[in-house]
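Quick look at run.cif (mmCIF, C-alpha atoms):
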```cif
data_coords
#
loop_
_atom_site.label_atom_id
_atom_site.label_comp_id
_atom_site.auth_asym_id
_atom_site.auth_seq_id
_atom_site.Cartn_x
_atom_site.Cartn_y
_atom_site.Cartn_z
CA MET A 44 104.74 51.58 -34.37
CA PHE A 45 106.74 54.20 -32.45
CA SER A 46 106.87 57.45 -34.34
CA ALA A 47 108.56 60.77 -33.78
CA THR A 48 107.99 64.13 -35.38
CA ALA A 49 109.45 67.57 -35.01
CA CYS A 50 107.14 69.87 -33.09
CA GLY A 51 107.32 73.52 -33.97
CA THR A 52 104.38 75.87 -34.31
CA GLU A 53 101.42 73.50 -34.43
CA SER A 54 98.93 75.57 -34.66
CA ALA A 55 101.62 90.51 -9.50
CA GLU A 56 100.82 90.88 -6.99
CA THR A 57 97.18 90.31 -6.01
CA GLY A 58 97.09 92.50 -2.95
CA ALA A 59 95.97 89.64 -0.70
CA SER A 60 97.85 88.38 2.32
CA PRO A 61 99.98 85.26 1.72
CA THR A 62 98.03 82.12 2.54
CA THR A 63 98.48 78.42 2.04
CA ALA A 64 95.99 76.24 0.19
CA PRO A 65 94.75 73.11 1.98
CA ALA A 66 96.27 69.83 0.92
CA LYS A 67 94.13 67.05 -0.49
CA SER A 68 96.62 64.22 -0.35
CA PRO A 69 95.48 60.63 -0.91
CA SER A 70 95.14 58.45 2.16
CA PRO A 71 97.42 55.40 2.26
CA GLY A 72 95.77 52.48 0.49
CA ALA A 73 92.83 54.59 -0.69
CA THR A 74 91.83 55.43 -4.25
CA PRO A 75 90.94 59.11 -4.09
CA ALA A 76 87.93 60.63 -5.77
CA LEU A 77 89.48 63.28 -7.98
CA PRO A 78 87.81 66.52 -9.10
CA ASP A 79 86.75 66.74 -12.73
CA THR A 80 89.55 69.23 -13.36
CA ALA A 81 92.64 69.19 -11.18
CA LEU A 82 96.35 69.81 -10.86
CA ILE A 83 98.13 67.07 -8.93
CA THR A 84 101.68 67.60 -7.70
CA LEU A 85 102.61 63.93 -7.81
CA GLY A 86 106.16 64.57 -6.58
CA VAL A 87 107.91 67.72 -5.44
CA GLN A 88 111.42 66.55 -4.54
CA ALA A 89 114.36 68.24 -6.25
CA GLY A 90 117.49 66.48 -7.41
CA PRO A 91 118.46 63.04 -8.72
CA PRO A 92 119.39 61.32 -5.41
CA PRO A 93 116.59 59.29 -3.82
CA ILE A 94 115.19 60.75 -0.60
CA PRO A 95 113.33 58.38 1.74
CA GLY A 96 109.59 58.90 1.56
CA LYS A 97 109.80 61.47 -1.25
CA VAL A 98 108.75 61.40 -4.92
CA GLY A 99 110.76 63.10 -7.65
CA ILE A 100 109.45 66.11 -9.51
CA SER A 101 106.31 65.32 -11.49
CA SER A 102 102.84 66.77 -11.95
CA ALA A 103 99.63 65.83 -13.70
CA VAL A 104 96.79 67.92 -15.06
CA LYS A 105 93.47 66.08 -15.18
CA ILE A 106 90.74 67.46 -17.44
CA GLY A 107 87.69 65.23 -17.36
CA SER A 108 89.03 61.75 -18.01
CA ASP A 109 92.10 63.01 -19.92
CA VAL A 110 95.47 63.27 -18.15
CA TYR A 111 98.51 65.35 -19.09
CA GLN A 112 101.80 64.44 -17.36
CA ILE A 113 104.53 67.02 -16.76
CA ASP A 114 107.98 65.54 -16.00
CA CYS A 115 108.66 62.05 -14.72
CA GLY A 116 110.87 62.14 -11.65
CA LEU A 117 111.84 59.18 -9.48
CA GLY A 118 108.74 57.28 -8.36
CA SER A 119 106.36 59.33 -10.47
CA PHE A 120 104.53 56.41 -12.08
CA ASN A 121 103.77 54.90 -8.67
CA ALA A 122 102.61 58.35 -7.53
CA PHE A 123 100.47 58.64 -10.67
CA THR A 124 98.80 55.34 -9.78
CA ASN A 125 98.46 56.20 -6.09
CA ALA A 126 96.65 59.39 -7.10
CA GLY A 127 93.97 57.31 -8.80
CA LEU A 128 95.16 57.98 -12.35
CA VAL A 129 95.39 55.27 -15.00
CA PHE A 130 97.61 54.89 -18.04
CA ASP A 131 94.63 54.39 -20.35
CA ASN A 132 93.62 58.01 -19.69
CA LEU A 133 97.11 59.43 -20.27
CA LYS A 134 96.84 61.64 -23.34
CA SER A 135 100.12 63.59 -23.44
CA MET A 136 103.41 63.99 -21.61
CA PHE A 137 105.64 67.05 -21.41
CA ILE A 138 109.33 66.92 -20.48
CA THR A 139 110.92 70.21 -19.43
CA HIS A 140 114.52 69.08 -19.94
CA MET A 141 116.66 65.97 -20.07
CA HIS A 142 118.14 65.94 -16.56
CA THR A 143 117.71 62.57 -14.85
CA ASP A 144 115.48 63.85 -12.07
CA HIS A 145 112.90 64.88 -14.67
CA THR A 146 113.11 61.80 -16.91
CA VAL A 147 114.12 58.74 -14.89
CA ASP A 148 110.57 57.34 -14.67
CA TYR A 149 109.60 58.33 -18.23
CA PHE A 150 109.78 54.85 -19.70
CA SER A 151 108.15 53.28 -16.62
CA PHE A 152 104.86 54.77 -17.77
CA PHE A 153 105.09 52.70 -20.94
CA LEU A 154 106.76 49.55 -19.59
CA SER A 155 104.37 49.20 -16.65
CA GLY A 156 101.37 51.22 -17.79
CA GLY A 157 101.52 49.81 -21.29
CA TYR A 158 101.25 46.29 -19.87
CA THR A 159 97.56 46.87 -19.19
CA ALA A 160 96.79 49.28 -22.03
CA ARG A 161 93.37 48.68 -23.53
CA PRO A 162 93.13 47.60 -27.17
CA GLY A 163 92.88 50.64 -29.37
CA LYS A 164 94.33 53.12 -26.88
CA ALA A 165 95.78 56.06 -28.79
CA ALA A 166 99.50 56.63 -28.53
CA VAL A 167 100.61 59.02 -25.82
CA ARG A 168 101.94 62.18 -27.43
CA VAL A 169 105.23 63.12 -25.78
CA TYR A 170 106.55 66.68 -26.13
CA GLY A 171 110.02 67.70 -25.09
CA PRO A 172 113.62 68.43 -26.00
CA GLY A 173 115.36 67.51 -29.19
CA ALA A 174 119.12 67.21 -29.55
CA ALA A 175 121.22 69.82 -27.77
CA GLY A 176 123.58 70.20 -30.73
CA GLY A 177 126.78 70.07 -28.71
CA LEU A 178 128.34 69.66 -25.28
CA PRO A 179 129.83 72.30 -23.00
CA ALA A 180 133.38 72.21 -21.70
CA SER A 181 133.94 70.74 -18.25
CA ARG A 182 133.02 73.06 -15.39
CA VAL A 183 134.95 71.11 -12.77
CA GLY A 184 138.52 71.46 -14.01
CA ASN A 185 138.75 68.40 -16.25
CA ASP A 186 140.32 69.42 -19.56
CA ASP A 187 139.46 66.08 -21.16
CA PRO A 188 136.19 64.84 -19.65
CA PRO A 189 134.90 61.42 -20.69
CA THR A 190 132.09 61.43 -23.23
CA VAL A 191 129.38 58.81 -22.91
CA ASN A 192 128.13 57.46 -26.26
CA ALA A 193 130.54 59.66 -28.20
CA ALA A 194 128.73 59.03 -31.49
CA ASN A 195 125.47 60.41 -30.07
CA PRO A 196 126.33 62.28 -26.88
CA ASP A 197 123.63 64.97 -26.86
CA ARG A 198 120.44 63.42 -28.23
CA GLY A 199 116.89 64.26 -27.24
CA LEU A 200 113.63 62.43 -26.67
CA THR A 201 113.36 60.65 -30.01
CA TYR A 202 116.74 58.96 -29.72
CA THR A 203 116.24 58.27 -26.01
CA THR A 204 112.86 56.63 -26.60
CA ASP A 205 114.18 54.54 -29.48
CA GLN A 206 117.10 53.29 -27.40
CA LEU A 207 114.81 52.43 -24.48
CA LEU A 208 112.51 50.48 -26.76
CA ASN A 209 115.52 48.52 -27.99
CA ALA A 210 116.95 47.99 -24.51
CA PHE A 211 113.70 46.47 -23.26
CA ALA A 212 112.94 44.53 -26.44
CA TYR A 213 113.26 41.10 -24.83
CA THR A 214 110.75 41.63 -22.03
CA SER A 215 108.39 43.29 -24.49
CA ASN A 216 108.67 40.38 -26.92
CA ILE A 217 108.03 37.84 -24.17
CA PHE A 218 104.96 39.67 -22.84
CA ILE A 219 103.58 40.12 -26.35
CA ARG A 220 103.85 36.37 -26.90
CA ASP A 221 102.86 35.14 -23.44
CA MET A 222 100.24 37.69 -22.41
CA GLY A 223 99.10 39.33 -25.64
CA VAL A 224 100.07 42.81 -24.41
CA ARG A 225 100.42 45.80 -26.69
CA ASP A 226 103.69 46.61 -28.41
CA ILE A 227 104.99 49.58 -26.40
CA ALA A 228 106.18 51.18 -29.63
CA ASP A 229 102.53 51.66 -30.59
CA LEU A 230 101.84 53.57 -27.39
CA VAL A 231 104.34 56.45 -27.70
CA GLN A 232 104.58 59.23 -30.26
CA VAL A 233 107.41 61.69 -29.66
CA HIS A 234 107.29 65.31 -30.78
CA GLU A 235 110.55 67.16 -30.29
CA ILE A 236 109.85 70.85 -29.71
CA ALA A 237 111.58 73.12 -32.20
CA THR A 238 113.59 75.85 -30.47
CA PRO A 239 113.40 79.50 -31.58
CA PRO A 240 115.99 80.79 -34.07
CA GLY A 241 119.11 82.14 -32.41
CA SER A 242 119.07 79.65 -29.55
CA ASP A 243 121.54 76.80 -29.23
CA PHE A 244 123.63 74.97 -26.64
CA ARG A 245 125.88 78.03 -26.32
CA ASN A 246 123.04 80.60 -26.25
CA ARG A 247 120.55 78.59 -24.27
CA SER A 248 117.97 81.13 -23.20
CA PRO A 249 117.91 84.27 -25.33
CA ARG A 250 114.96 86.60 -24.87
CA VAL A 251 112.10 85.03 -26.83
CA ALA A 252 108.33 85.33 -26.97
CA PRO A 253 106.24 82.32 -25.88
CA PHE A 254 105.74 79.83 -28.70
CA PRO A 255 103.03 77.22 -29.34
CA VAL A 256 103.59 73.54 -28.60
CA THR A 257 100.24 71.83 -29.11
CA GLU A 258 96.48 72.29 -28.78
CA ASP A 259 93.50 69.97 -28.45
CA ASP A 260 89.88 70.18 -27.31
CA ASN A 261 90.92 70.54 -23.66
CA VAL A 262 93.98 72.72 -23.58
CA LYS A 263 96.37 75.01 -25.41
CA VAL A 264 100.04 74.53 -24.45
CA THR A 265 102.72 77.15 -25.02
CA ALA A 266 106.36 77.16 -23.99
CA THR A 267 109.43 79.31 -23.59
CA LEU A 268 113.14 78.76 -23.09
CA VAL A 269 114.55 79.08 -19.58
CA SER A 270 118.11 79.06 -18.29
CA HIS A 271 119.30 76.00 -16.36
CA TYR A 272 123.10 76.01 -16.34
CA ASP A 273 124.43 73.99 -19.30
CA VAL A 274 121.20 72.20 -20.26
CA PHE A 275 119.70 72.93 -23.68
CA PRO A 276 116.89 73.09 -24.37
CA ALA A 277 115.15 73.69 -21.04
CA PHE A 278 111.47 74.58 -21.29
CA ALA A 279 108.77 76.15 -19.17
CA PHE A 280 105.20 75.25 -20.14
CA ARG A 281 101.87 77.06 -19.85
CA PHE A 282 98.56 75.18 -20.00
CA ASP A 283 95.46 77.23 -20.83
CA LEU A 284 92.45 75.10 -19.93
CA LYS A 285 89.58 75.84 -22.29
CA LYS A 286 86.56 74.68 -20.30
CA ALA A 287 87.74 75.89 -16.90
CA GLY A 288 89.07 79.18 -18.25
CA LYS A 289 92.15 78.81 -16.03
CA SER A 290 95.87 78.62 -16.69
CA ILE A 291 98.70 76.67 -15.08
CA THR A 292 102.34 77.59 -15.73
CA PHE A 293 105.22 75.23 -14.92
CA SER A 294 108.62 76.88 -14.58
CA GLY A 295 110.72 73.78 -15.09
CA ASP A 296 114.22 74.23 -13.67
CA THR A 297 115.34 77.79 -14.17
CA THR A 298 117.05 80.87 -12.89
CA LYS A 299 114.93 84.00 -12.47
CA SER A 300 113.62 84.38 -16.02
CA ASP A 301 112.08 87.23 -18.01
CA ASN A 302 110.96 84.64 -20.57
CA LEU A 303 109.05 82.83 -17.84
CA ILE A 304 107.51 86.05 -16.53
CA GLU A 305 106.10 86.74 -19.98
CA LEU A 306 104.85 83.16 -20.37
CA ALA A 307 103.18 83.28 -16.94
CA LYS A 308 101.48 86.65 -17.43
CA ASP A 309 98.27 86.68 -15.32
CA THR A 310 98.43 82.91 -14.86
CA ASP A 311 96.11 81.41 -12.26
CA TYR A 312 98.67 78.93 -10.93
CA LEU A 313 102.45 79.33 -11.14
CA VAL A 314 104.15 76.03 -10.29
CA HIS A 315 107.70 77.16 -9.65
CA GLU A 316 110.95 75.50 -8.58
CA ALA A 317 113.24 76.95 -5.93
CA GLU A 318 116.34 76.64 -3.84
CA TYR A 319 115.92 78.31 -0.47
CA SER A 320 119.19 80.17 -1.04
CA LEU A 321 121.59 80.51 -3.96
CA ASP A 322 124.55 80.98 -1.62
CA ASN A 323 126.69 77.86 -1.93
CA ALA A 324 127.99 78.40 1.61
CA PHE A 325 124.43 77.85 2.86
CA PHE A 326 124.79 74.26 1.58
CA SER A 327 128.30 73.75 2.99
CA ASN A 328 129.82 74.44 -0.46
CA ARG A 329 128.72 71.10 -1.85
CA PHE A 330 127.93 72.47 -5.34
CA PRO A 331 130.44 73.58 -7.98
CA PRO A 332 131.19 77.32 -7.83
CA ASP A 333 128.42 79.46 -9.37
CA TYR A 334 126.25 76.40 -10.03
CA LEU A 335 123.26 77.50 -7.95
CA VAL A 336 123.06 81.07 -9.26
CA ASN A 337 123.19 79.78 -12.85
CA SER A 338 120.74 76.92 -12.35
CA HIS A 339 117.93 77.81 -9.98
CA THR A 340 115.70 80.49 -8.51
CA SER A 341 115.89 81.49 -4.87
CA ALA A 342 112.75 81.46 -2.76
CA GLU A 343 112.85 85.24 -2.61
CA GLN A 344 113.19 85.46 -6.40
CA VAL A 345 110.14 83.20 -6.84
CA GLY A 346 108.15 85.97 -5.18
CA GLU A 347 109.64 88.52 -7.56
CA VAL A 348 108.74 86.39 -10.58
CA ALA A 349 105.19 85.78 -9.35
CA ALA A 350 104.61 89.46 -8.64
CA ALA A 351 106.00 90.55 -12.02
CA ALA A 352 103.82 88.00 -13.81
CA GLY A 353 100.70 88.86 -11.83
CA ALA A 354 100.24 85.20 -10.90
CA LYS A 355 97.18 84.54 -8.75
CA GLN A 356 98.75 81.66 -6.80
CA VAL A 357 102.26 80.31 -6.34
CA ILE A 358 102.68 76.56 -5.90
CA LEU A 359 106.23 75.76 -4.87
CA SER A 360 107.46 72.47 -6.29
CA HIS A 361 110.89 70.98 -7.08
CA TYR A 362 112.44 72.02 -3.79
CA ALA A 363 114.56 70.39 -1.10
CA ASN A 364 113.81 70.82 2.59
CA ARG A 365 116.86 69.02 3.92
CA ILE A 366 119.78 71.32 4.43
CA PRO A 367 122.99 71.03 6.46
CA GLY A 368 121.99 71.25 10.08
CA GLY A 369 118.27 70.72 9.76
CA GLU A 370 115.09 70.83 7.69
CA LEU A 371 113.24 73.84 6.35
CA THR A 372 109.63 74.49 7.29
CA ASP A 373 106.79 75.72 5.07
CA ALA A 374 106.78 78.94 7.07
CA GLN A 375 110.40 79.62 6.18
CA TRP A 376 109.73 79.18 2.46
CA ILE A 377 106.61 81.35 2.62
CA GLU A 378 108.42 84.11 4.51
CA LYS A 379 110.99 84.38 1.71
CA ILE A 380 108.48 84.26 -1.18
CA ALA A 381 106.15 86.72 0.56
CA GLN A 382 108.83 89.40 0.71
CA HIS A 383 107.82 90.34 -2.85
CA TYR A 384 104.52 88.54 -3.47
CA LYS A 385 101.26 89.06 -1.57
CA GLY A 386 99.10 86.38 -3.21
CA THR A 387 98.34 82.82 -2.18
CA ILE A 388 101.42 80.66 -1.59
CA THR A 389 101.36 76.88 -1.29
CA ILE A 390 104.37 74.74 -0.49
CA ALA A 391 103.20 71.69 -2.41
CA LYS A 392 103.42 68.15 -1.10
CA ASP A 393 103.64 64.80 -2.87
CA GLY A 394 100.18 63.80 -4.07
CA GLN A 395 98.54 67.14 -3.33
CA VAL A 396 95.40 67.85 -5.35
CA PHE A 397 94.38 71.32 -6.45
CA GLU A 398 90.82 71.55 -7.77
CA ILE A 399 90.72 73.83 -10.79
#
```

Take the structure in the file and give it back as structure tokens.
Amino acid sequence: MFSATACGTESAETGASPTTAPAKSPSPGATPALPDTALITLGVQAGPPPIPGKVGISSAVKIGSDVYQIDCGLGSFNAFTNAGLVFDNLKSMFITHMHTDHTVDYFSFFLSGGYTARPGKAAVRVYGPGAAGGLPASRVGNDDPPTVNAANPDRGLTYTTDQLLNAFAYTSNIFIRDMGVRDIADLVQVHEIATPPGSDFRNRSPRVAPFPVTEDDNVKVTATLVSHYDVFPAFAFRFDLKKAGKSITFSGDTTKSDNLIELAKDTDYLVHEAEYSLDNAFFSNRFPPDYLVNSHTSAEQVGEVAAAAGAKQVILSHYANRIPGGELTDAQWIEKIAQHYKGTITIAKDGQVFEI
């Protein structure tokens, strides 16, 4: 049955001219032949609102037949399937933080993927945030903001998964009886990542050293805390691939972060979020005051982070091209990042495949 455990300590610049890596996006209706080891940016769209033709933030790392999913934005399970990946090969999932645009498709993997799970498939190990431990005051001038689920207003992945299992109990019970499908509860095992001492919902991203999350025959995963406005915890993850001898670091949503720079030291691939600008006026003042500068990294700052870390390649993901008055081009993003970083820069697309 569904189980959850706490997860603690389980065991620069390159000098080259900025370039873009070629996309290997799946053709419509085709099942792509994937490399043995690959990073797939399933979806790169930032933000909760649906954007026509775009997939929410989500990535997959494929190592042999094993698949590791990072974040589950809107449409990510369809994108996972379109990329030629199958639920039976999904080994682990990693959630950077509990914002909707990173979690909305989380349970779809189990509801839809679990429908065809083979007998004996091992539970998917899910790593991500535990409870925040408290809520911040309103940032938009409401002295008495409403509190959803006041008895449990700040829970993490264990509580969320349990509630989803309960909410979808009827359809699960019917399919178990009519089709003989697996009980979804047997297919998910949640591990809430323990946060370093001294961090909490008020002190969300103190300076900390990278800490271990999990390790198996394929990969060693470490994490750090990053700063994303009022969200706690918010994680960045680093995957060190044992056979390939390569590393992939995912920033999650973050401001420019010294913790992330340390985590990403000499990484081969830095998958980093960005807003083109952190000036609210650039977006017609549609965000609360100071939201952008306390939530995200500018395109120019991504270059600073990559250079400081000595990353060999930057892959921009979790970004929005549509801005008031037009749409940004890849060249505009690259120009900003390249102000401080001289390595390879790729503005990732939905379904893009990077052979590792």

Item to check | Residues matched by the PyMOL selection byres ((chain A and resi 361) around 12) as a ChimeraX atom specification | outcome: /A:84-91,97-102,114-116,144-145,293-297,314-319,339-342,358-360,362-364,390-393

Would you save the residues of that selection, restricted to C-alpha atoms, as a PDB file, in the frame of the given file?
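Once everything was written out, this is part.pdb:
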```pdb
ATOM      1  CA  THR A  84     101.680  67.600  -7.700  1.00  0.00           C
ATOM      2  CA  LEU A  85     102.610  63.930  -7.810  1.00  0.00           C
ATOM      3  CA  GLY A  86     106.160  64.570  -6.580  1.00  0.00           C
ATOM      4  CA  VAL A  87     107.910  67.720  -5.440  1.00  0.00           C
ATOM      5  CA  GLN A  88     111.420  66.550  -4.540  1.00  0.00           C
ATOM      6  CA  ALA A  89     114.360  68.240  -6.250  1.00  0.00           C
ATOM      7  CA  GLY A  90     117.490  66.480  -7.410  1.00  0.00           C
ATOM      8  CA  PRO A  91     118.460  63.040  -8.720  1.00  0.00           C
ATOM      9  CA  LYS A  97     109.800  61.470  -1.250  1.00  0.00           C
ATOM     10  CA  VAL A  98     108.750  61.400  -4.920  1.00  0.00           C
ATOM     11  CA  GLY A  99     110.760  63.100  -7.650  1.00  0.00           C
ATOM     12  CA  ILE A 100     109.450  66.110  -9.510  1.00  0.00           C
ATOM     13  CA  SER A 101     106.310  65.320 -11.490  1.00  0.00           C
ATOM     14  CA  SER A 102     102.840  66.770 -11.950  1.00  0.00           C
ATOM     15  CA  ASP A 114     107.980  65.540 -16.000  1.00  0.00           C
ATOM     16  CA  CYS A 115     108.660  62.050 -14.720  1.00  0.00           C
ATOM     17  CA  GLY A 116     110.870  62.140 -11.650  1.00  0.00           C
ATOM     18  CA  ASP A 144     115.480  63.850 -12.070  1.00  0.00           C
ATOM     19  CA  HIS A 145     112.900  64.880 -14.670  1.00  0.00           C
ATOM     20  CA  PHE A 293     105.220  75.230 -14.920  1.00  0.00           C
ATOM     21  CA  SER A 294     108.620  76.880 -14.580  1.00  0.00           C
ATOM     22  CA  GLY A 295     110.720  73.780 -15.090  1.00  0.00           C
ATOM     23  CA  ASP A 296     114.220  74.230 -13.670  1.00  0.00           C
ATOM     24  CA  THR A 297     115.340  77.790 -14.170  1.00  0.00           C
ATOM     25  CA  VAL A 314     104.150  76.030 -10.290  1.00  0.00           C
ATOM     26  CA  HIS A 315     107.700  77.160  -9.650  1.00  0.00           C
ATOM     27  CA  GLU A 316     110.950  75.500  -8.580  1.00  0.00           C
ATOM     28  CA  ALA A 317     113.240  76.950  -5.930  1.00  0.00           C
ATOM     29  CA  GLU A 318     116.340  76.640  -3.840  1.00  0.00           C
ATOM     30  CA  TYR A 319     115.920  78.310  -0.470  1.00  0.00           C
ATOM     31  CA  HIS A 339     117.930  77.810  -9.980  1.00  0.00           C
ATOM     32  CA  THR A 340     115.700  80.490  -8.510  1.00  0.00           C
ATOM     33  CA  SER A 341     115.890  81.490  -4.870  1.00  0.00           C
ATOM     34  CA  ALA A 342     112.750  81.460  -2.760  1.00  0.00           C
ATOM     35  CA  ILE A 358     102.680  76.560  -5.900  1.00  0.00           C
ATOM     36  CA  LEU A 359     106.230  75.760  -4.870  1.00  0.00           C
ATOM     37  CA  SER A 360     107.460  72.470  -6.290  1.00  0.00           C
ATOM     38  CA  TYR A 362     112.440  72.020  -3.790  1.00  0.00           C
ATOM     39  CA  ALA A 363     114.560  70.390  -1.100  1.00  0.00           C
ATOM     40  CA  ASN A 364     113.810  70.820   2.590  1.00  0.00           C
ATOM     41  CA  ILE A 390     104.370  74.740  -0.490  1.00  0.00           C
ATOM     42  CA  ALA A 391     103.200  71.690  -2.410  1.00  0.00           C
ATOM     43  CA  LYS A 392     103.420  68.150  -1.100  1.00  0.00           C
ATOM     44  CA  ASP A 393     103.640  64.800  -2.870  1.00  0.00           C
TER      45      ASP A 393
END
```

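Between atom CA of A:Leu200 and atom CA of A:Asp187 the separation is 26.7 Å.
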
Item to check | Length of the atom CA of A:Phe254 to atom CA of A:Ile236 vector [Å] | outcome: 9.9 Å

Next on the checklist: Just the number, please: distance in Å from atom CA of A:Leu208 to atom CA of A:Leu230, one decimal.
Outcome noted: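 Result for atom CA of A:Leu208 versus atom CA of A:Leu230: 11.1 Å, one decimal.
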
Hey, which bits of stretch 261-287 of chain A sit within 12 Å of stretch 192-197 of chain A, and for each residue what's the closest pair of atoms and how far apart in Å (one decimal), counting only C-alpha atoms, rows by chain and increasing number, as a tab-separated table?
```
residue	atom	partner	partner_atom	distance
A:Asp273	CA	A:Asp197	CA	11.8
A:Val274	CA	A:Asp197	CA	10.1
A:Phe275	CA	A:Asp197	CA	9.4
A:Pro276	CA	A:Asp197	CA	10.8
```

Checklist entry - Could you pull the residues within 10 Å of A:Gly156, counting all atoms listed in the file, minus those fewer than 4 positions along the same chain, as a count of residues only? => result 12

Next on the checklist: Nearest residue to A:Val348 out of A:Lys299, A:Arg250, A:His142, A:Lys385, using all atoms listed in the file?
Outcome noted: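 Counting all atoms listed in the file, the residue closest to A:Val348 is A:Lys299.
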
Item to check | Option closest in space to A:Asn337, from A:Ser108, A:His271, A:Gly173, A:Gln356 [counting all atoms listed in the file] | outcome: A:His271

Mind working out the centre and edge lengths of an axis-aligned box for stretch 276-294 of chain A, all listed atoms inside, 4 Å added to each side, rounded to one decimal in Å and written as lines of an AutoDock Vina configuration file?
```
center_x = 101.7
center_y = 76.1
center_z = -19.5
size_x = 38.3
size_y = 14.1
size_z = 17.8
```

Checklist entry - Which one is closest to A:Asn132: A:Thr146, A:Gln112, A:Asn246, A:Thr214? Count only C-alpha atoms. => result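 Distance minimum relative to A:Asn132 lands on A:Gln112.
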
Item to check | Residues in the PyMOL selection byres ((chain A and resi 215-225) around 9), expressed as a list in words | outcome: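 After applying the PyMOL selection byres ((chain A and resi 215-225) around 9), what remains is Leu154, Gly157, Tyr158, Thr159, Ala160, Arg161, Pro162, Leu208, Phe211, Ala212, Tyr213, Thr214, Asp226, Ile227, Ala228, Asp229 and Leu230 of chain A.
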
Please save C-alpha atoms of the selected residues as a compact mmCIF listing (two decimals), in the coordinates of the input.
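Saved as again04.txt:
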```txt
# COMPACT_ATOMS: atom_id res chain seq x y z
CA LEU A 154 106.76 49.55 -19.59
CA GLY A 157 101.52 49.81 -21.29
CA TYR A 158 101.25 46.29 -19.87
CA THR A 159 97.56 46.87 -19.19
CA ALA A 160 96.79 49.28 -22.03
CA ARG A 161 93.37 48.68 -23.53
CA PRO A 162 93.13 47.60 -27.17
CA LEU A 208 112.51 50.48 -26.76
CA PHE A 211 113.70 46.47 -23.26
CA ALA A 212 112.94 44.53 -26.44
CA TYR A 213 113.26 41.10 -24.83
CA THR A 214 110.75 41.63 -22.03
CA ASP A 226 103.69 46.61 -28.41
CA ILE A 227 104.99 49.58 -26.40
CA ALA A 228 106.18 51.18 -29.63
CA ASP A 229 102.53 51.66 -30.59
CA LEU A 230 101.84 53.57 -27.39
```

Next on the checklist: Please enumerate the residues selected by the PyMOL selection byres ((chain A and resi 104) around 9) when evaluated against the supplied file, formatted as JSON, numbers by chain.
Outcome noted: {"A": [80, 81, 82, 83, 84, 102, 103, 105, 106, 109, 110, 111, 112, 113, 282, 291]}

Item to check | Cut-off 10 Å around (91.6, 80.5, -18.9) with only C-alpha atoms: residues as number ranges by chain | outcome: A: 262-263, 282-291, 309-311

Next on the checklist: Neighbouring residues of stretch 377-382 of chain A were defined as those with any atom within 7 Å, considering all atoms listed in the file; residues of the same chain fewer than 3 positions away were excluded. Please report them as a ChimeraX atom specification.
Outcome noted: /A:61,342-343,345-346,373-374,385,388

Checklist entry - Of the candidates A:Arg329, A:Arg182, A:Arg198, A:Lys164, which one gets nearest to A:His140 if we count all atoms listed in the file? => result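 Checking each candidate against A:His140, we get A:Arg198 as the closest.
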
Checklist entry - For the point (122.3, 79.4, 3.7) in file coordinates, what residues are within 12 Å, counting only C-alpha atoms? Give the answer as a PyMOL selection string? => result chain A and resi 318-329+335+341-342+365-371

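Compared by their closest atoms to A:Pro249, and using all atoms listed in the file, the residues A:Ser300, A:Gln344, A:Asn125, A:Thr143 rank with A:Ser300 nearest.
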
Starting from the incomplete input, reconstruct N, CA and C atoms of stretch 169-178 of chain A and write that as a PDB file, in the coordinates of the input.
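Dumped everything to rebuild-v9.pdb:
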```
ATOM      1  N   VAL A 169     104.195  62.659 -26.698  1.00  0.00           N
ATOM      2  CA  VAL A 169     105.230  63.120 -25.780  1.00  0.00           C
ATOM      3  C   VAL A 169     105.935  64.327 -26.392  1.00  0.00           C
ATOM      4  N   TYR A 170     105.946  65.435 -25.655  1.00  0.00           N
ATOM      5  CA  TYR A 170     106.550  66.680 -26.130  1.00  0.00           C
ATOM      6  C   TYR A 170     107.744  67.024 -25.245  1.00  0.00           C
ATOM      7  N   GLY A 171     108.856  67.367 -25.883  1.00  0.00           N
ATOM      8  CA  GLY A 171     110.020  67.700 -25.090  1.00  0.00           C
ATOM      9  C   GLY A 171     111.228  68.008 -25.941  1.00  0.00           C
ATOM     10  N   PRO A 172     112.403  67.959 -25.335  1.00  0.00           N
ATOM     11  CA  PRO A 172     113.620  68.430 -26.000  1.00  0.00           C
ATOM     12  C   PRO A 172     114.075  67.545 -27.145  1.00  0.00           C
ATOM     13  N   GLY A 173     114.596  68.193 -28.167  1.00  0.00           N
ATOM     14  CA  GLY A 173     115.360  67.510 -29.190  1.00  0.00           C
ATOM     15  C   GLY A 173     116.830  67.524 -28.819  1.00  0.00           C
ATOM     16  N   ALA A 174     117.678  67.253 -29.802  1.00  0.00           N
ATOM     17  CA  ALA A 174     119.120  67.210 -29.550  1.00  0.00           C
ATOM     18  C   ALA A 174     119.646  68.582 -29.140  1.00  0.00           C
ATOM     19  N   ALA A 175     120.630  68.566 -28.239  1.00  0.00           N
ATOM     20  CA  ALA A 175     121.220  69.820 -27.770  1.00  0.00           C
ATOM     21  C   ALA A 175     122.088  70.477 -28.840  1.00  0.00           C
ATOM     22  N   GLY A 176     122.738  69.659 -29.677  1.00  0.00           N
ATOM     23  CA  GLY A 176     123.580  70.200 -30.730  1.00  0.00           C
ATOM     24  C   GLY A 176     125.040  70.363 -30.351  1.00  0.00           C
ATOM     25  N   GLY A 177     125.398  69.977 -29.150  1.00  0.00           N
ATOM     26  CA  GLY A 177     126.780  70.070 -28.710  1.00  0.00           C
ATOM     27  C   GLY A 177     126.864  69.954 -27.204  1.00  0.00           C
ATOM     28  N   LEU A 178     128.096  69.792 -26.718  1.00  0.00           N
ATOM     29  CA  LEU A 178     128.340  69.660 -25.280  1.00  0.00           C
ATOM     30  C   LEU A 178     129.203  70.816 -24.788  1.00  0.00           C
TER      31      LEU A 178
END
```
